[in-house]
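Before any comments, here is the structure.
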Amino acid sequence: MYKNHRNIEIQFVDSWPNNEIVKLYKAGGWWKESYNVSGIESLIKGSFLFAVVVDKNSGKTIGMGRILSDGVSDAYIQDLIVLPVYRGKGIGKKLVEFLLKHCLSEGIQWIGLIAEPGQDSFYSTMNFHPMKNHIPMKYKIEE
């Protein structure tokens with residue numbers, strides 16, 4: 001658990017209210033109305049680590065991030081979001097550091113992510129660098 005002077009708490013969870021997680025996915029622009037809200041529980045449980053950020057003053061869930069990993073060699077930071085009104089306060093950085101610290105303590109040293117356009121400078125402050133000669137790719141379902 002991470003606590004700081006900004007009255008936030010970061011914690012790993014095995015479950016969390018679906019509506020709170022959906023609110024965060026919507027804030028990130030990653031939620032499609034065709035998604036089934038009941039899948040949130042499986043999404044959390046299927047993650048190697050799933051962290052939420054809570055504003056202790058209001059009790060609101062204000063951020064989240066998760067790690068996808070085999071738990072041995074590789075890990076990927078996925079779905080990192082802090083609600084817009086809370087951005088610029090160092091919360092996202094603390095969340096990434098929280099996730100990294102746990103992975104490194106487990107001996108996982110290859111940790112990657114795919115940054116949203118324009119967010120590379122945010123991640124570079126935490127020692128993430130572009131992977132030269134590598135291209136992120138995504139499977140496209142033919143319609």
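Residue numbering restarts at 1 in every chain; chains get A, B, ... in the order shown in the structure tokens, and ligands count up from 1 in that same order.
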Spatial neighbours of Pro136 (chain A), 12 Å, only C-alpha atoms, chain gap at least 6 places, as a PDB file with N, CA and C atoms, in the first residue's frame:
ATOM      1  N   GLY A 112       7.751  -3.573 -20.055  1.00  0.00           N
ATOM      2  CA  GLY A 112       7.449  -2.738 -21.199  1.00  0.00           C
ATOM      3  C   GLY A 112       6.055  -2.147 -21.129  1.00  0.00           C
ATOM      4  N   LEU A 113       5.774  -1.277 -22.073  1.00  0.00           N
ATOM      5  CA  LEU A 113       4.446  -0.684 -22.217  1.00  0.00           C
ATOM      6  C   LEU A 113       4.345  -0.063 -23.593  1.00  0.00           C
ATOM      7  N   ILE A 114       3.136   0.227 -23.998  1.00  0.00           N
ATOM      8  CA  ILE A 114       2.913   0.987 -25.218  1.00  0.00           C
ATOM      9  C   ILE A 114       2.276   2.299 -24.779  1.00  0.00           C
ATOM     10  N   ALA A 115       2.980   3.386 -25.003  1.00  0.00           N
ATOM     11  CA  ALA A 115       2.507   4.704 -24.571  1.00  0.00           C
ATOM     12  C   ALA A 115       1.516   5.276 -25.574  1.00  0.00           C
ATOM     13  N   GLU A 116       0.522   5.959 -25.048  1.00  0.00           N
ATOM     14  CA  GLU A 116      -0.398   6.718 -25.901  1.00  0.00           C
ATOM     15  C   GLU A 116       0.416   7.825 -26.586  1.00  0.00           C
ATOM     16  N   PRO A 130      12.138   4.276 -25.931  1.00  0.00           N
ATOM     17  CA  PRO A 130      11.630   3.589 -27.121  1.00  0.00           C
ATOM     18  C   PRO A 130      12.494   2.365 -27.424  1.00  0.00           C
TER      19      PRO A 130
END
Those in region 29-133 of chain A with alpha helix (DSSP H) from DSSP, as a list in words:
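Selecting the alpha helix (DSSP H) positions of region 29-133 of chain A gives Ile40, Glu41, Ser42, Leu43, Ile44, Lys45, Ile91, Gly92, Lys93, Lys94, Leu95, Val96, Glu97, Phe98, Leu99, Leu100, Lys101, His102, Cys103, Leu104, Ser105, Asp120, Ser121, Phe122, Tyr123 and Ser124 of chain A.
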Write a file of the just-selected residues containing N, CA and C atoms, as a compact mmCIF listing (two decimals), in the first residue's frame.
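part_18.txt, freshly written:
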# COMPACT_ATOMS: atom_id res chain seq x y z
N ILE A 40 -15.33 -7.18 -15.97
CA ILE A 40 -14.34 -6.46 -15.16
C ILE A 40 -13.72 -7.38 -14.12
N GLU A 41 -14.52 -8.21 -13.48
CA GLU A 41 -13.99 -9.12 -12.46
C GLU A 41 -12.92 -10.04 -13.05
N SER A 42 -13.17 -10.60 -14.22
CA SER A 42 -12.18 -11.47 -14.87
C SER A 42 -10.95 -10.68 -15.30
N LEU A 43 -11.15 -9.44 -15.74
CA LEU A 43 -10.05 -8.58 -16.14
C LEU A 43 -9.10 -8.36 -14.96
N ILE A 44 -9.66 -8.08 -13.80
CA ILE A 44 -8.84 -7.84 -12.61
C ILE A 44 -8.13 -9.13 -12.20
N LYS A 45 -8.88 -10.22 -12.11
CA LYS A 45 -8.30 -11.49 -11.67
C LYS A 45 -7.28 -12.04 -12.67
N ILE A 91 0.57 11.78 -9.31
CA ILE A 91 -0.10 10.54 -8.95
C ILE A 91 0.22 9.43 -9.95
N GLY A 92 0.19 9.74 -11.24
CA GLY A 92 0.51 8.74 -12.25
C GLY A 92 1.92 8.21 -12.09
N LYS A 93 2.85 9.09 -11.80
CA LYS A 93 4.24 8.67 -11.59
C LYS A 93 4.34 7.75 -10.37
N LYS A 94 3.66 8.11 -9.29
CA LYS A 94 3.68 7.26 -8.09
C LYS A 94 3.07 5.90 -8.37
N LEU A 95 2.04 5.86 -9.19
CA LEU A 95 1.40 4.60 -9.56
C LEU A 95 2.36 3.73 -10.36
N VAL A 96 3.02 4.31 -11.35
CA VAL A 96 3.99 3.55 -12.14
C VAL A 96 5.12 3.04 -11.24
N GLU A 97 5.64 3.89 -10.38
CA GLU A 97 6.71 3.48 -9.46
C GLU A 97 6.25 2.34 -8.55
N PHE A 98 5.01 2.39 -8.10
CA PHE A 98 4.43 1.33 -7.26
C PHE A 98 4.41 0.00 -8.01
N LEU A 99 3.96 0.03 -9.27
CA LEU A 99 3.92 -1.18 -10.09
C LEU A 99 5.32 -1.71 -10.38
N LEU A 100 6.23 -0.80 -10.74
CA LEU A 100 7.61 -1.19 -11.04
C LEU A 100 8.29 -1.82 -9.83
N LYS A 101 8.12 -1.21 -8.68
CA LYS A 101 8.76 -1.70 -7.46
C LYS A 101 8.36 -3.15 -7.18
N HIS A 102 7.08 -3.44 -7.36
CA HIS A 102 6.64 -4.81 -7.10
C HIS A 102 7.22 -5.79 -8.13
N CYS A 103 7.20 -5.42 -9.39
CA CYS A 103 7.77 -6.30 -10.43
C CYS A 103 9.25 -6.56 -10.15
N LEU A 104 10.00 -5.50 -9.88
CA LEU A 104 11.43 -5.66 -9.62
C LEU A 104 11.68 -6.51 -8.38
N SER A 105 10.83 -6.37 -7.36
CA SER A 105 11.00 -7.18 -6.14
C SER A 105 10.74 -8.66 -6.42
N ASP A 120 5.04 9.74 -24.24
CA ASP A 120 6.39 9.20 -24.12
C ASP A 120 7.26 10.02 -23.18
N SER A 121 7.06 11.34 -23.14
CA SER A 121 7.87 12.16 -22.24
C SER A 121 7.54 11.86 -20.78
N PHE A 122 6.29 11.55 -20.48
CA PHE A 122 5.90 11.15 -19.12
C PHE A 122 6.65 9.89 -18.70
N TYR A 123 6.65 8.89 -19.55
CA TYR A 123 7.30 7.62 -19.21
C TYR A 123 8.82 7.71 -19.23
N SER A 124 9.36 8.58 -20.07
CA SER A 124 10.83 8.69 -20.13
C SER A 124 11.40 9.23 -18.82
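Here CA of Glu20 (chain A) is placed at a distance of 20.8 Å from CA of Lys89 (chain A).
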Could you check the closest approach to Arg87 (chain A) for each of A:Ile111, A:Gly63, A:Glu143, A:Met137 and tell me which residue wins, using only C-alpha atoms?
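Checking each of A:Ile111, A:Gly63, A:Glu143, A:Met137 against Arg87 (chain A), counting only C-alpha atoms, the winner is A:Gly63.
Remark: for Phe50 (chain A), the closest of the candidate residues A:Glu106, A:Val82, A:Ile77, A:Leu24 is A:Ile77 (distances computed over only C-alpha atoms).
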Nearest to Asn18 (chain A) by atom-to-atom distance, counting only C-alpha atoms, from A:Gly88, A:Gly71, A:Gly39, A:Gly107
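Ranking A:Gly88, A:Gly71, A:Gly39, A:Gly107 by distance to Asn18 (chain A), first place goes to A:Gly39.
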